[in-house]
Amino acid sequence: MANDATPPAQERRGPAEPLPASEAPFDAIGLARHLLRSVRSGALATIDAADGTPFASLVTIATDSDGTPLMLLSRLSAHTRNLDKDPRASLLFSVGGKGDPLAHPRLTVTGRAARTDEPRIRERFLARHPKAKLYADFPDFGFFTLAPTAGHLNGGFAKAATLTPQELLLDMEGAEAVVAGERGAVEHMNADHADALALYAAGAGEAGTGWRLTGLDPEGLDLMAGERTARVPYPEPVRDMGSLRKVLVAMAAAARAADTPQSEA
């Protein structure tokens with residue numbers, strides 16, 4: 001007689017499935033977007049053109065205004081040859097830190113890579129990686145975007161979630177003026193408002209001076225000082241340059257007020 005007894009629960013249980021970001025008990029979308037904007041290098045996984053073997057390599061990363069990952073790759077490298085044959089790829093964004101590496105958040109973005117000659121892409125990438133200006137215009141180098149198809153976030157112990165492309169990227173409809181005015185705003189802030197940039201960085205938990213604005217978008221600012229980065233979100237999204245100016249002034253005023261000791265009664 002066949003034994004049809006139900007196996008114990010621990011034997012029936014399969015691999016845990018991460019929750020969709022919209023159902024996660026933490027801000028999965030906010031954390032994923034923070035990693036996208038703050039990590040400057042990561043592992044690029046491509047498919048070997050010869051035998052289909054997964055191939056991982058280290059690349060530098062920036063983001064477009066909507067958060068689309070950007071890369072500067074040499075056609076002499078194995079990963080570029082792989083992408084020319086099969087554009088499917090993934091990028092791992094990981095901040096690292098002290099202690100157990102697996103205790104820190106990381107994000108894997110899967111998608112399809114494509115070459116681009118868009119001047120804005122070049123500007124945003126080189127603002128994030130100024131040393132790349134030395135070789136960006138070599139004939140064997142080119143800029144690539146990775147159009148996301150999905151995201152997998154591990155925010156630390158028991159904090160996993162999956163994300164759609166719409167959850168990873170910003171909806172840029174109605175924010176065309178911010179994109180068009182970004183370069184002028186970045187140059188103005190770096191030339192005239194270094195003190196405000198330091199205040200913004202401090203508010204994001206990053207102390208010190210020497211901060212420069214490398215980019216901005218409807219959700220926040222991207223700052224850099226040496227090899228350090230800081231992502232500074234606005235109190236609320238902006239869709240035009242007038243709103244951006246008001247938000248930046250208010251953020252600086254709030255930061256100065258918080259930094260000023262209250263006089264004793």
# chains A, B, ... in the order shown; residues from 1 in each chain; ligands from 1
$ select_by_dssp --residues "segment 212-250 of chain A" --states "strand (DSSP E or B)" --output "count of residues only"
17
$ residues_around --residues "Leu72 of chain A" --least-positions-apart "4" --cutoff "12 Å" --atoms "only C-alpha atoms" --output "MDAnalysis selection string"
chainID A and resid 40:41 44 58:63 77 79:80 113:117 121:126 128:129 131:133 135:138 140:146
$ select_by_dssp --residues "segment 67-146 of chain A" --states "alpha helix (DSSP H)" --output "count of residues only"
18
$ closest_atom_pairs --of "segment 53-91 of chain A" --to "segment 214-218 of chain A" --cutoff "9 Å" --atoms "only C-alpha atoms" --output "Markdown table"
| residue | atom | partner | partner_atom | distance |
| --- | --- | --- | --- | --- |
| A:Asp64 | CA | A:Asp217 | CA | 8.9 |
| A:Ser65 | CA | A:Asp217 | CA | 5.4 |
| A:Asp66 | CA | A:Asp217 | CA | 7.3 |
| A:Gly67 | CA | A:Asp217 | CA | 8.9 |
$ write_last_selection --atoms "N, CA, C and O atoms" --output "PDB file, in the first residue's frame"
ATOM      1  N   ASP A  64      20.851  58.075 -15.732  1.00  0.00           N
ATOM      2  CA  ASP A  64      20.165  59.130 -16.464  1.00  0.00           C
ATOM      3  C   ASP A  64      19.198  59.819 -15.507  1.00  0.00           C
ATOM      4  O   ASP A  64      19.027  59.406 -14.357  1.00  0.00           O
ATOM      5  N   SER A  65      18.520  60.846 -15.980  1.00  0.00           N
ATOM      6  CA  SER A  65      17.615  61.607 -15.127  1.00  0.00           C
ATOM      7  C   SER A  65      16.534  60.742 -14.502  1.00  0.00           C
ATOM      8  O   SER A  65      16.124  60.970 -13.365  1.00  0.00           O
ATOM      9  N   ASP A  66      16.070  59.741 -15.235  1.00  0.00           N
ATOM     10  CA  ASP A  66      15.005  58.884 -14.710  1.00  0.00           C
ATOM     11  C   ASP A  66      15.521  57.711 -13.901  1.00  0.00           C
ATOM     12  O   ASP A  66      14.744  56.926 -13.359  1.00  0.00           O
ATOM     13  N   GLY A  67      16.837  57.558 -13.787  1.00  0.00           N
ATOM     14  CA  GLY A  67      17.421  56.465 -13.035  1.00  0.00           C
ATOM     15  C   GLY A  67      17.961  55.340 -13.889  1.00  0.00           C
ATOM     16  O   GLY A  67      18.544  54.388 -13.361  1.00  0.00           O
TER      17      GLY A  67
END
$ residues_around --residues "segment 103-110 of chain A" --least-positions-apart "3" --cutoff "12 Å" --atoms "only C-alpha atoms" --output "MDAnalysis selection string"
chainID A and resid 28:39 42:46 67:69 87:100 113 145:165 167:169
$ residues_around --residues "His193 of chain A" --least-positions-apart "5" --cutoff "12 Å" --atoms "only C-alpha atoms" --output "ChimeraX atom specification"
/A:185-188,198-200,209-213,248-249,252
$ atom_distance --atom1 "atom CA of Pro233 of chain A" --atom2 "atom CA of Gly203 of chain A"
9.9 Å
